[in-house]
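Pasting final00.txt here (compact mmCIF, C-alpha atoms):
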# COMPACT_ATOMS: atom_id res chain seq x y z
CA MET N 1 25.16 -52.04 -18.64
CA LEU N 2 27.80 -54.70 -18.27
CA GLU N 3 26.79 -55.52 -14.70
CA GLU N 4 27.55 -58.75 -12.93
CA THR N 5 24.14 -60.31 -12.53
CA GLY N 6 25.48 -63.61 -11.27
CA PRO N 7 24.34 -67.05 -12.37
CA GLU N 8 20.75 -67.28 -13.67
CA TRP N 9 19.59 -69.69 -11.06
CA LEU N 10 20.10 -67.23 -8.24
CA SER N 11 17.30 -65.09 -9.62
CA GLU N 12 14.94 -67.80 -10.82
CA GLU N 13 12.10 -69.02 -8.65
CA VAL N 14 12.79 -72.35 -7.01
CA LYS N 15 10.18 -74.88 -8.03
CA THR N 16 9.68 -78.50 -7.24
CA GLY N 17 8.98 -79.31 -10.91
CA THR N 18 7.84 -82.69 -9.84
CA THR N 19 5.83 -85.79 -10.14
CA ILE N 20 3.79 -86.81 -7.12
CA ILE N 21 1.28 -89.59 -6.67
CA ALA N 22 -0.80 -91.08 -3.87
CA ILE N 23 -3.00 -94.18 -4.02
CA GLU N 24 -5.35 -95.87 -1.59
CA PHE N 25 -5.46 -99.59 -0.95
CA ASN N 26 -7.57 -101.66 1.41
CA GLY N 27 -6.01 -100.79 4.72
CA GLY N 28 -3.78 -97.83 3.87
CA VAL N 29 -2.14 -95.59 1.33
CA VAL N 30 1.07 -95.38 -0.68
CA LEU N 31 2.61 -92.02 -1.59
CA GLY N 32 5.43 -91.43 -4.06
CA SER N 33 7.49 -88.55 -5.37
CA ASP N 34 10.59 -87.79 -7.40
CA SER N 35 13.44 -85.75 -5.88
CA ARG N 36 14.30 -82.91 -8.26
CA VAL N 37 14.14 -79.22 -7.29
CA SER N 38 14.83 -76.82 -10.13
CA ALA N 39 15.53 -73.07 -10.36
CA GLY N 40 15.12 -72.27 -14.05
CA ASP N 41 17.42 -74.67 -15.89
CA SER N 42 19.49 -75.67 -12.88
CA VAL N 43 18.77 -78.52 -10.54
CA VAL N 44 19.40 -77.03 -7.12
CA ASN N 45 18.58 -80.15 -5.12
CA ARG N 46 18.58 -83.61 -6.68
CA VAL N 47 17.71 -85.57 -3.54
CA MET N 48 14.84 -83.63 -1.98
CA ASN N 49 12.18 -85.66 -0.21
CA LYS N 50 8.86 -84.15 -1.21
CA LEU N 51 6.83 -86.44 1.01
CA SER N 52 6.38 -84.39 4.14
CA PRO N 53 4.85 -85.72 7.36
CA LEU N 54 1.85 -83.81 8.73
CA HIS N 55 1.33 -86.32 11.52
CA ASP N 56 2.38 -89.87 12.39
CA LYS N 57 0.05 -91.48 9.88
CA ILE N 58 -0.70 -88.52 7.59
CA TYR N 59 1.70 -87.34 4.90
CA CYS N 60 1.49 -84.80 2.12
CA ALA N 61 3.21 -84.68 -1.26
CA LEU N 62 4.56 -81.28 -2.35
CA SER N 63 4.55 -79.76 -5.84
CA GLY N 64 4.74 -76.32 -7.43
CA SER N 65 6.66 -73.52 -5.77
CA ALA N 66 9.04 -75.09 -3.24
CA ALA N 67 8.70 -72.24 -0.77
CA ASP N 68 4.90 -72.14 -0.89
CA ALA N 69 4.52 -75.89 -0.58
CA GLN N 70 6.96 -76.24 2.31
CA THR N 71 5.36 -73.37 4.19
CA ILE N 72 1.87 -74.79 3.81
CA ALA N 73 3.09 -78.18 5.02
CA GLU N 74 4.80 -76.67 8.06
CA MET N 75 1.77 -74.55 8.98
CA VAL N 76 -0.57 -77.52 8.72
CA ASN N 77 1.84 -79.69 10.70
CA TYR N 78 1.63 -77.15 13.54
CA GLN N 79 -2.15 -76.75 13.30
CA LEU N 80 -2.64 -80.52 13.30
CA ASP N 81 -0.47 -80.91 16.40
CA VAL N 82 -2.62 -78.41 18.27
CA HIS N 83 -5.82 -79.99 16.96
CA SER N 84 -4.71 -83.46 17.94
CA LEU N 85 -3.98 -82.30 21.51
CA GLU N 86 -7.38 -80.66 21.67
CA ILE N 87 -9.28 -83.79 20.65
CA ASP N 88 -6.86 -86.03 22.57
CA GLU N 89 -6.53 -88.56 19.77
CA ASP N 90 -4.95 -88.99 16.34
CA PRO N 91 -6.39 -86.58 13.77
CA GLN N 92 -8.41 -87.69 10.78
CA VAL N 93 -6.91 -87.49 7.30
CA ARG N 94 -9.88 -85.41 6.23
CA SER N 95 -9.03 -82.83 8.93
CA ALA N 96 -5.47 -82.54 7.66
CA ALA N 97 -6.70 -82.19 4.08
CA THR N 98 -9.22 -79.55 5.14
CA LEU N 99 -6.51 -77.52 6.85
CA VAL N 100 -4.38 -77.65 3.70
CA ARG N 101 -7.37 -76.75 1.57
CA ASN N 102 -8.26 -73.77 3.77
CA ILE N 103 -4.82 -72.23 3.29
CA SER N 104 -4.71 -73.06 -0.44
CA TYR N 105 -8.12 -71.51 -1.03
CA LYS N 106 -7.72 -68.41 1.12
CA TYR N 107 -4.40 -67.49 -0.48
CA LYS N 108 -5.03 -68.95 -3.88
CA GLU N 109 -4.01 -65.78 -5.73
CA GLU N 110 -0.64 -65.59 -3.97
CA LEU N 111 0.26 -69.24 -3.70
CA SER N 112 1.38 -71.57 -6.41
CA ALA N 113 1.53 -75.01 -4.85
CA HIS N 114 -0.48 -78.21 -5.01
CA LEU N 115 -0.39 -80.65 -2.11
CA ILE N 116 -1.80 -84.15 -2.15
CA VAL N 117 -2.73 -85.30 1.37
CA ALA N 118 -2.87 -89.00 2.16
CA GLY N 119 -2.86 -91.14 5.29
CA TRP N 120 -4.58 -93.65 7.52
CA ASP N 121 -7.03 -93.09 10.35
CA ARG N 122 -9.16 -95.45 12.35
CA LYS N 123 -12.49 -94.17 11.06
CA ASP N 124 -12.09 -94.34 7.28
CA LYS N 125 -8.82 -96.29 6.94
CA GLY N 126 -6.71 -95.24 3.94
CA GLN N 127 -7.68 -92.00 2.19
CA VAL N 128 -6.22 -89.77 -0.54
CA PHE N 129 -7.29 -86.14 -0.93
CA ALA N 130 -6.43 -83.71 -3.73
CA THR N 131 -6.35 -79.99 -2.84
CA LEU N 132 -5.55 -78.39 -6.18
CA ASN N 133 -6.41 -74.66 -6.36
CA GLY N 134 -8.34 -74.83 -3.11
CA LEU N 135 -10.75 -77.65 -3.81
CA LEU N 136 -11.03 -80.71 -1.60
CA THR N 137 -11.86 -84.05 -3.13
CA ARG N 138 -11.31 -87.60 -2.00
CA GLN N 139 -10.10 -89.89 -4.81
CA PRO N 140 -8.96 -93.51 -5.09
CA PHE N 141 -5.66 -92.10 -6.35
CA ALA N 142 -4.25 -88.70 -7.30
CA VAL N 143 -1.31 -87.54 -9.42
CA GLY N 144 0.17 -84.06 -9.50
CA GLY N 145 3.06 -81.88 -10.57
CA SER N 146 4.44 -81.13 -14.02
CA GLY N 147 5.34 -84.75 -14.69
CA SER N 148 1.81 -85.96 -14.07
CA SER N 149 0.62 -84.83 -17.53
CA TYR N 150 2.73 -87.53 -19.15
CA VAL N 151 1.30 -90.35 -17.08
CA TYR N 152 -2.44 -89.61 -17.09
CA GLY N 153 -2.88 -92.17 -19.86
CA PHE N 154 -0.81 -94.74 -18.01
CA VAL N 155 -2.60 -94.40 -14.68
CA ASP N 156 -6.04 -94.35 -16.36
CA ALA N 157 -5.20 -97.60 -18.13
CA GLU N 158 -3.39 -99.41 -15.33
CA TYR N 159 -5.41 -98.53 -12.24
CA ARG N 160 -7.68 -101.25 -10.97
CA LYS N 161 -9.81 -101.26 -7.87
CA GLY N 162 -8.79 -103.58 -5.06
CA MET N 163 -5.01 -103.63 -5.48
CA ASN N 164 -3.04 -104.71 -2.42
CA LYS N 165 -0.13 -102.85 -0.84
CA GLU N 166 2.62 -104.45 -2.96
CA GLU N 167 0.71 -103.85 -6.20
CA CYS N 168 0.16 -100.22 -5.22
CA GLN N 169 3.85 -99.76 -4.47
CA GLN N 170 4.73 -101.22 -7.86
CA PHE N 171 2.12 -98.99 -9.54
CA VAL N 172 3.62 -95.92 -7.85
CA VAL N 173 7.19 -96.83 -8.79
CA ASN N 174 6.27 -97.50 -12.42
CA THR N 175 4.35 -94.24 -12.68
CA LEU N 176 7.16 -92.19 -11.17
CA SER N 177 9.73 -93.83 -13.39
CA LEU N 178 7.75 -93.13 -16.57
CA ALA N 179 7.13 -89.51 -15.59
CA MET N 180 10.75 -88.93 -14.59
CA ASN N 181 11.86 -90.19 -17.99
CA ARG N 182 9.71 -87.73 -19.89
CA ASP N 183 9.51 -84.61 -17.69
CA GLY N 184 12.62 -82.42 -17.55
CA SER N 185 11.52 -81.02 -14.21
CA SER N 186 11.27 -84.44 -12.54
CA GLY N 187 14.13 -86.80 -11.84
CA GLY N 188 16.63 -88.13 -9.34
CA VAL N 189 15.48 -90.85 -7.00
CA ALA N 190 12.02 -92.07 -6.04
CA TYR N 191 10.74 -91.72 -2.49
CA ILE N 192 7.92 -94.05 -1.46
CA VAL N 193 5.96 -93.87 1.80
CA SER N 194 3.48 -96.61 2.78
CA ILE N 195 1.06 -95.97 5.62
CA ASP N 196 -1.26 -98.52 7.21
CA GLU N 197 -2.62 -99.27 10.66
CA HIS N 198 0.67 -100.84 11.75
CA GLY N 199 2.77 -97.80 10.94
CA THR N 200 4.62 -95.78 8.36
CA GLU N 201 7.39 -97.09 6.14
CA GLU N 202 9.69 -94.78 4.15
CA LYS N 203 11.73 -96.09 1.24
CA VAL N 204 14.12 -94.67 -1.34
CA ILE N 205 14.64 -96.24 -4.75
CA LEU N 206 17.85 -95.10 -6.38
CA GLY N 207 18.10 -94.19 -10.06
CA ASN N 208 19.58 -97.42 -11.32
CA ASP N 209 17.01 -99.51 -9.45
CA LEU N 210 14.03 -97.83 -11.09
CA PRO N 211 12.09 -99.81 -13.73
CA THR N 212 13.35 -99.30 -17.28
CA PHE N 213 11.40 -99.34 -20.52
CA PHE N 214 11.89 -100.38 -24.07
CA ASP N 215 14.15 -97.55 -25.19
CA GLN N 216 16.55 -97.59 -22.22
CA MET P 1 -2.17 -76.94 -30.61
CA ALA P 2 -1.50 -73.93 -32.85
CA ALA P 3 -1.31 -70.34 -31.73
CA ALA P 4 -1.49 -67.07 -33.65
CA ALA P 5 -4.80 -65.58 -32.62
CA SER P 6 -3.24 -62.40 -33.95
CA MET P 7 -3.42 -63.73 -37.51
CA MET P 8 -7.07 -62.73 -37.91
CA PRO P 9 -8.34 -62.16 -41.43
CA TYR P 10 -8.78 -58.42 -42.12
CA PHE P 11 -12.57 -58.32 -42.28
CA ALA P 12 -12.83 -59.68 -38.74
CA GLN P 13 -11.17 -56.59 -37.32
CA GLN P 14 -14.17 -54.51 -38.30
CA ILE P 15 -16.50 -56.87 -36.54
CA SER P 16 -15.02 -56.95 -33.10
CA SER P 17 -15.65 -60.14 -31.25
CA LYS P 18 -15.95 -58.11 -28.09
CA ASN P 19 -19.65 -57.64 -28.75
CA ASP P 20 -22.21 -60.42 -28.81
CA LEU P 21 -22.91 -60.27 -32.53
CA VAL P 22 -19.79 -62.24 -33.35
CA PRO P 23 -19.02 -65.46 -31.49
CA ASP P 24 -15.49 -65.83 -30.11
CA TRP P 25 -14.55 -68.66 -32.35
CA MET P 26 -14.77 -66.59 -35.53
CA GLY P 27 -11.59 -64.79 -34.55
CA GLN P 28 -9.65 -67.90 -33.64
CA GLU P 29 -7.42 -69.87 -35.89
CA VAL P 30 -8.61 -73.30 -36.91
CA SER P 31 -6.46 -75.91 -35.24
CA THR P 32 -6.39 -79.66 -35.27
CA GLY P 33 -6.07 -79.90 -31.46
CA THR P 34 -5.27 -83.52 -31.81
CA THR P 35 -3.73 -86.74 -30.83
CA ILE P 36 -1.86 -88.67 -33.51
CA MET P 37 0.19 -91.85 -33.35
CA ALA P 38 2.19 -94.07 -35.67
CA VAL P 39 3.79 -97.46 -34.94
CA GLU P 40 6.12 -99.62 -37.03
CA TYR P 41 5.69 -103.38 -37.20
CA ASP P 42 7.48 -106.02 -39.23
CA GLY P 43 5.95 -105.59 -42.66
CA GLY P 44 4.23 -102.22 -42.31
CA VAL P 45 2.97 -99.42 -40.12
CA VAL P 46 -0.18 -98.62 -38.18
CA ILE P 47 -1.31 -95.00 -37.92
CA GLY P 48 -4.12 -93.44 -35.94
CA ALA P 49 -5.69 -90.08 -35.10
CA ASP P 50 -8.67 -88.56 -33.33
CA SER P 51 -11.20 -86.55 -35.36
CA ARG P 52 -11.65 -83.16 -33.68
CA THR P 53 -10.87 -79.80 -35.28
CA THR P 54 -11.38 -76.74 -33.08
CA THR P 55 -11.60 -72.98 -33.55
CA GLY P 56 -11.10 -71.87 -29.96
CA ALA P 57 -13.73 -73.69 -27.94
CA TYR P 58 -15.98 -74.53 -30.90
CA ILE P 59 -15.53 -77.88 -32.58
CA ALA P 60 -15.51 -76.96 -36.24
CA ASN P 61 -15.37 -80.54 -37.46
CA ARG P 62 -16.02 -83.55 -35.23
CA VAL P 63 -15.32 -86.16 -37.90
CA THR P 64 -12.07 -84.84 -39.40
CA ASP P 65 -9.76 -87.14 -41.29
CA LYS P 66 -6.25 -86.30 -40.16
CA LEU P 67 -4.69 -89.29 -41.91
CA THR P 68 -3.83 -87.89 -45.31
CA PRO P 69 -2.51 -89.98 -48.21
CA ILE P 70 0.65 -88.63 -49.81
CA HIS P 71 1.18 -91.59 -52.11
CA ASP P 72 -0.12 -95.15 -52.52
CA ARG P 73 1.76 -96.51 -49.52
CA ILE P 74 2.71 -93.30 -47.69
CA PHE P 75 0.47 -91.34 -45.33
CA CYS P 76 0.93 -88.43 -43.01
CA CYS P 77 -0.76 -87.68 -39.67
CA ARG P 78 -1.41 -83.96 -39.21
CA SER P 79 -1.40 -81.90 -36.02
CA GLY P 80 -1.20 -78.17 -35.35
CA SER P 81 -2.72 -75.57 -37.63
CA ALA P 82 -5.22 -77.18 -40.00
CA ALA P 83 -4.45 -74.74 -42.80
CA ASP P 84 -0.68 -75.10 -42.52
CA THR P 85 -0.74 -78.89 -42.48
CA GLN P 86 -3.16 -79.15 -45.37
CA ALA P 87 -1.06 -76.77 -47.44
CA ILE P 88 2.20 -78.59 -46.68
CA ALA P 89 0.61 -81.97 -47.40
CA ASP P 90 -0.66 -80.72 -50.78
CA VAL P 91 2.79 -79.42 -51.70
CA VAL P 92 4.52 -82.65 -50.70
CA THR P 93 1.92 -84.78 -52.50
CA TYR P 94 2.67 -82.87 -55.69
CA GLN P 95 6.45 -83.04 -55.25
CA LEU P 96 6.43 -86.73 -54.40
CA GLY P 97 4.11 -87.62 -57.27
CA PHE P 98 6.40 -85.84 -59.71
CA HIS P 99 9.50 -87.48 -58.23
CA SER P 100 7.90 -90.92 -58.42
CA ILE P 101 7.06 -90.46 -62.12
CA GLU P 102 10.65 -89.37 -62.80
CA LEU P 103 11.99 -92.45 -61.05
CA ASP P 104 9.35 -94.74 -62.51
CA GLU P 105 9.23 -96.43 -59.10
CA PRO P 106 7.19 -96.10 -55.93
CA PRO P 107 8.82 -93.42 -53.74
CA LEU P 108 10.62 -94.12 -50.46
CA VAL P 109 9.04 -93.12 -47.16
CA GLU P 110 12.29 -91.43 -46.24
CA THR P 111 11.98 -89.25 -49.35
CA ALA P 112 8.50 -88.14 -48.34
CA ALA P 113 9.72 -87.39 -44.84
CA ASN P 114 12.60 -85.33 -46.21
CA LEU P 115 10.21 -83.32 -48.38
CA PHE P 116 8.07 -82.55 -45.32
CA LYS P 117 11.17 -81.61 -43.40
CA ALA P 118 12.34 -79.28 -46.18
CA SER P 119 9.09 -77.30 -46.16
CA CYS P 120 8.66 -77.33 -42.37
CA TYR P 121 12.23 -76.20 -41.72
CA ARG P 122 12.42 -73.50 -44.40
CA TYR P 123 9.21 -71.84 -43.28
CA ARG P 124 9.57 -72.69 -39.61
CA GLU P 125 8.85 -69.12 -38.42
CA GLU P 126 5.51 -68.94 -40.22
CA LEU P 127 4.28 -72.47 -39.79
CA SER P 128 2.74 -74.33 -36.89
CA ALA P 129 2.72 -77.94 -37.99
CA GLY P 130 3.59 -81.23 -36.29
CA ILE P 131 3.54 -84.14 -38.73
CA LEU P 132 4.12 -87.88 -38.57
CA VAL P 133 5.08 -89.47 -41.90
CA ALA P 134 4.48 -93.21 -42.11
CA GLY P 135 4.36 -95.80 -44.81
CA TRP P 136 5.84 -98.86 -46.45
CA ASP P 137 8.45 -99.17 -49.17
CA ARG P 138 10.40 -102.08 -50.59
CA ARG P 139 13.78 -100.94 -49.33
CA LYS P 140 13.17 -100.59 -45.59
CA GLY P 141 9.67 -101.94 -45.02
CA GLY P 142 7.46 -100.12 -42.54
CA GLN P 143 8.85 -96.78 -41.33
CA VAL P 144 7.70 -93.91 -39.13
CA TYR P 145 9.35 -90.49 -39.33
CA CYS P 146 8.49 -87.69 -36.96
CA VAL P 147 8.66 -84.05 -38.21
CA PRO P 148 7.67 -81.89 -35.24
CA ILE P 149 7.35 -78.09 -35.02
CA GLY P 150 10.68 -76.54 -35.98
CA GLY P 151 11.34 -78.94 -38.80
CA MET P 152 13.61 -81.67 -37.47
CA MET P 153 13.18 -85.19 -38.78
CA VAL P 154 13.92 -88.44 -37.01
CA ARG P 155 12.90 -92.04 -37.58
CA GLN P 156 11.33 -93.73 -34.54
CA PRO P 157 9.74 -97.15 -34.06
CA VAL P 158 6.77 -95.47 -32.43
CA SER P 159 5.85 -91.82 -32.35
CA ILE P 160 3.03 -89.69 -30.95
CA GLY P 161 2.11 -86.08 -31.56
CA GLY P 162 -0.43 -83.34 -31.00
CA SER P 163 -1.70 -81.71 -27.82
CA GLY P 164 -3.15 -84.94 -26.49
CA SER P 165 0.12 -86.81 -26.83
CA SER P 166 1.53 -85.41 -23.56
CA TYR P 167 -0.93 -87.53 -21.61
CA ILE P 168 0.04 -90.83 -23.19
CA TYR P 169 3.84 -90.73 -23.10
CA GLY P 170 3.81 -92.85 -19.94
CA PHE P 171 1.31 -95.31 -21.40
CA MET P 172 3.28 -95.63 -24.62
CA ASP P 173 6.64 -96.07 -22.89
CA SER P 174 5.28 -98.84 -20.72
CA ASN P 175 3.15 -100.66 -23.31
CA TYR P 176 5.20 -100.52 -26.48
CA LYS P 177 7.69 -103.31 -27.05
CA PRO P 178 9.67 -104.06 -30.19
CA ASP P 179 8.34 -106.81 -32.49
CA LEU P 180 4.61 -106.34 -32.03
CA THR P 181 2.22 -107.85 -34.58
CA LYS P 182 -0.10 -105.75 -36.72
CA ASP P 183 -3.13 -106.48 -34.54
CA GLN P 184 -1.23 -105.66 -31.38
CA CYS P 185 -0.22 -102.35 -32.94
CA LEU P 186 -3.83 -101.60 -33.85
CA ASP P 187 -4.95 -102.36 -30.30
CA LEU P 188 -2.15 -100.31 -28.77
CA THR P 189 -2.93 -97.33 -31.00
CA ALA P 190 -6.67 -97.50 -30.31
CA ALA P 191 -6.06 -97.75 -26.55
CA ALA P 192 -3.56 -94.89 -26.49
CA LEU P 193 -5.74 -92.56 -28.57
CA SER P 194 -8.74 -93.41 -26.43
CA LEU P 195 -6.86 -92.47 -23.24
CA ALA P 196 -5.63 -89.22 -24.74
CA MET P 197 -9.09 -88.28 -25.99
CA GLU P 198 -10.45 -88.78 -22.46
CA ARG P 199 -7.97 -86.30 -20.99
CA ASP P 200 -7.37 -83.72 -23.72
CA GLY P 201 -10.13 -81.23 -24.42
CA SER P 202 -8.80 -80.60 -27.92
CA SER P 203 -8.98 -84.27 -28.93
CA GLY P 204 -12.12 -86.33 -29.34
CA GLY P 205 -14.73 -87.71 -31.68
CA VAL P 206 -13.94 -91.00 -33.38
CA ILE P 207 -10.66 -92.87 -33.81
CA ARG P 208 -9.45 -93.27 -37.37
CA LEU P 209 -6.94 -96.07 -37.93
CA ALA P 210 -5.05 -97.22 -40.98
CA SER P 211 -2.56 -99.99 -41.56
CA ILE P 212 -0.15 -99.76 -44.48
CA SER P 213 1.83 -102.69 -45.85
CA GLU P 214 3.01 -104.17 -49.12
CA SER P 215 -0.50 -105.37 -49.90
CA GLY P 216 -2.09 -101.95 -49.50
CA VAL P 217 -3.90 -99.68 -47.08
CA GLU P 218 -6.69 -100.81 -44.75
CA ARG P 219 -8.72 -98.07 -43.06
CA LYS P 220 -10.91 -98.42 -40.00
CA VAL P 221 -13.06 -96.15 -37.85
CA ILE P 222 -13.85 -96.78 -34.20
CA LEU P 223 -16.96 -94.88 -33.13
CA GLY P 224 -17.54 -93.27 -29.75
CA ASN P 225 -19.53 -96.08 -28.19
CA GLN P 226 -17.02 -98.69 -29.34
CA LEU P 227 -14.00 -96.97 -27.79
CA PRO P 228 -12.06 -98.91 -25.14
CA LYS P 229 -13.29 -97.66 -21.78
CA TYR P 230 -11.01 -96.54 -18.97
CA SER P 231 -13.09 -95.02 -16.24
CA THR P 232 -11.26 -94.53 -13.00
CA HIS P 233 -14.11 -93.74 -10.67
Could I get this file's structure written as structure tokens?
Amino acid sequence: MLEETGPEWLSEEVKTGTTIIAIEFNGGVVLGSDSRVSAGDSVVNRVMNKLSPLHDKIYCALSGSAADAQTIAEMVNYQLDVHSLEIDEDPQVRSAATLVRNISYKYKEELSAHLIVAGWDRKDKGQVFATLNGLLTRQPFAVGGSGSSYVYGFVDAEYRKGMNKEECQQFVVNTLSLAMNRDGSSGGVAYIVSIDEHGTEEKVILGNDLPTFFDQ
Amino acid sequence: MAAAASMMPYFAQQISSKNDLVPDWMGQEVSTGTTIMAVEYDGGVVIGADSRTTTGAYIANRVTDKLTPIHDRIFCCRSGSAADTQAIADVVTYQLGFHSIELDEPPLVETAANLFKASCYRYREELSAGILVAGWDRRKGGQVYCVPIGGMMVRQPVSIGGSGSSYIYGFMDSNYKPDLTKDQCLDLTAAALSLAMERDGSSGGVIRLASISESGVERKVILGNQLPKYSTH
């Protein structure tokens, strides 16, 4: 009865609590995520990069169960490599999103992860796809993870069509900062990835450099 | 908001909602799903709420008034169980009215908030009520006190509550600044409630606003077609 069960977090599921966001601009996409991984009440990784490359110009943002999300991303990374060799050119973002969706839908009862797929290809330029619960939908922008609930109002109010790359990056940083301030499962630093026809740029914004708001 | 589907009235147990004769919503507790908001400005407060009351998926009242007067210059915004919040508000209205007659002075907003806190904390296991108390008094001007589920009480310059409030924390954090004027507060409240009503299934209908200051209470209603529009697609 008085057994040593060890610390709680060893038996809790590891989740990327999370806030993730991806937004399209004319000529590319910007993705953003926080960096907190929690197991119950403990933060087991405070600097995890949840923006995972699927191909040179296609990234996905991970949320939900850390194991499920990482595994899906790795599987699709492999499948996309094979596919891209077969067609002898860079894969389309829609193909990557479809591969993610196929896994999410087929195993929807067992998996608990939501990936947002975003990238640039020559045919349709910048695209953002949401794959929640096995659906596939292209959207001008998408938010996900537990922290996204708190910023639906903000993104609905602030989003405008036709923003350029810098405005999108600022939009992503502001959204992440607001969500990280309110959601206990999101926090740490902000990772931003910008993809356009010239290439992919990864950036980290440390805690003290994030935008602050009236009560901070 | 609100839970307790197990608190069905006795007669409903004989008429099981498992058959088609009784719709689901007759066994559900009435809840003010809700989004409520209150903002202080120099000289008063602005309060706002949506107007939807639900029993399960049925909208029992689509034009509810969740802004309830407690005294001449003190209102409360109700969220959670409709029955619980109405009962608590009635009790506090009585207590505050009595207290004000004893003092022969208009009561303080902080007093009203403490009365809410006393009831909400003492009966915290039975109640499901999230309340914002807001008003004006001569001592401290416009004040907003938040009394969430559990019965704590804290004064805040701006406060939101109800199931729809989750969606507008980001909007509120980024758009509220200290020292707004009354009209800016009204616009901010209308915008925030509108965004929450778009996203939360338990909030909707019309927006009811009120501004309370030394000179009195001004009430306004913003109908569905006049709501600020934020369509993202």
- Task: Can you work out the spacing between atom CA of P:Arg73 and atom CA of P:Ser166 in Å, to one decimal?
- Result: 28.2 Å
- Task: Would you list the contacts of stretch 193-207 of chain P as an NGL selection string, taking every protein, DNA or RNA residue within 7 Å and counting all atoms listed in the file, but skipping same-chain residues closer than 4 positions in sequence?
- Result: (:N and (153)) or (:P and (33-35 or 48-52 or 54 or 62-63 or 164-165 or 167-168 or 189 or 221-224 or 227-228))
So that I have them on file, write out the residues from the current selection with C-alpha atoms, as a short mmCIF file (atom, residue, chain, number, x, y, z; two decimals), in the frame of the given file.
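Result saved to again06.cif:
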data_model
loop_
_atom_site.label_atom_id
_atom_site.label_comp_id
_atom_site.auth_asym_id
_atom_site.auth_seq_id
_atom_site.Cartn_x
_atom_site.Cartn_y
_atom_site.Cartn_z
CA GLY N 153 -2.88 -92.17 -19.86
CA GLY P 33 -6.07 -79.90 -31.46
CA THR P 34 -5.27 -83.52 -31.81
CA THR P 35 -3.73 -86.74 -30.83
CA GLY P 48 -4.12 -93.44 -35.94
CA ALA P 49 -5.69 -90.08 -35.10
CA ASP P 50 -8.67 -88.56 -33.33
CA SER P 51 -11.20 -86.55 -35.36
CA ARG P 52 -11.65 -83.16 -33.68
CA THR P 54 -11.38 -76.74 -33.08
CA ARG P 62 -16.02 -83.55 -35.23
CA VAL P 63 -15.32 -86.16 -37.90
CA GLY P 164 -3.15 -84.94 -26.49
CA SER P 165 0.12 -86.81 -26.83
CA TYR P 167 -0.93 -87.53 -21.61
CA ILE P 168 0.04 -90.83 -23.19
CA THR P 189 -2.93 -97.33 -31.00
CA VAL P 221 -13.06 -96.15 -37.85
CA ILE P 222 -13.85 -96.78 -34.20
CA LEU P 223 -16.96 -94.88 -33.13
CA GLY P 224 -17.54 -93.27 -29.75
CA LEU P 227 -14.00 -96.97 -27.79
CA PRO P 228 -12.06 -98.91 -25.14
#
- Item | Residue neighbourhood N:Ser35, 9 Å, all atoms listed in the file, exclusion window fewer than 2 positions, as JSON, numbers by chain | {"N": [16, 18, 19, 33, 37, 45, 46, 47, 48, 49, 50, 186, 187, 188, 189, 190, 191]}
Check: which chain N residues lie within 9 Å of chain P using all atoms listed in the file, as a tab-separated table (two decimals) with C-alpha atoms, in the coordinates of the input:
chain	number	residue	atom	x	y	z
N	139	GLN	CA	-10.10	-89.89	-4.81
N	140	PRO	CA	-8.96	-93.51	-5.09
N	148	SER	CA	1.81	-85.96	-14.07
N	149	SER	CA	0.62	-84.83	-17.53
N	150	TYR	CA	2.73	-87.53	-19.15
N	151	VAL	CA	1.30	-90.35	-17.08
N	152	TYR	CA	-2.44	-89.61	-17.09
N	153	GLY	CA	-2.88	-92.17	-19.86
N	154	PHE	CA	-0.81	-94.74	-18.01
N	155	VAL	CA	-2.60	-94.40	-14.68
N	156	ASP	CA	-6.04	-94.35	-16.36
N	157	ALA	CA	-5.20	-97.60	-18.13
N	158	GLU	CA	-3.39	-99.41	-15.33
N	159	TYR	CA	-5.41	-98.53	-12.24
N	160	ARG	CA	-7.68	-101.25	-10.97
N	161	LYS	CA	-9.81	-101.26	-7.87
N	174	ASN	CA	6.27	-97.50	-12.42
N	175	THR	CA	4.35	-94.24	-12.68
N	177	SER	CA	9.73	-93.83	-13.39
N	178	LEU	CA	7.75	-93.13	-16.57
N	179	ALA	CA	7.13	-89.51	-15.59
N	181	ASN	CA	11.86	-90.19	-17.99
N	182	ARG	CA	9.71	-87.73	-19.89
N	212	THR	CA	13.35	-99.30	-17.28
N	213	PHE	CA	11.40	-99.34	-20.52
N	214	PHE	CA	11.89	-100.38	-24.07
N	215	ASP	CA	14.15	-97.55	-25.19
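Across N:Asp34, N:Ser11, N:Glu86, N:Cys168, the tightest approach to N:Leu206 is made by N:Asp34 when counting all atoms listed in the file.
You will find atom CA of P:Gly142 at 22.4 Å from atom CA of P:Phe98.
From atom CA of P:Gln143 back to atom CA of P:Tyr123, the distance works out to 25.0 Å.
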- Would you kindly return, as a ChimeraX atom specification, each protein, DNA or RNA residue with an atom no farther than 10 Å from any atom of P:Asn114, considering only C-alpha atoms and excluding same-chain residues fewer than 4 positions away? /P:92,108-110,118-120,133,145,147,151-154
Report as a compact mmCIF listing (two decimals) with C-alpha atoms, in the frame of the given file all protein, DNA and RNA residues lying within 10 Å of N:His198, evaluated on all atoms listed in the file, omitting residues in the same chain fewer than 6 positions from it.
# COMPACT_ATOMS: atom_id res chain seq x y z
CA GLY N 27 -6.01 -100.79 4.72
CA GLY N 28 -3.78 -97.83 3.87
CA LYS N 57 0.05 -91.48 9.88
CA TRP N 120 -4.58 -93.65 7.52
- Message: Could you list, as a list in words, every residue within 10 Å of P:Ala89, counting all atoms listed in the file and ignoring same-chain residues fewer than 4 positions away?
- Response: Thr68, Pro69, Ile70, Phe75, Cys76, Cys77, Arg78, Ala83, Asp84, Thr85, Thr93, Tyr94, Gln95, Leu115, Phe116, Ser119 and Ile131 of chain P
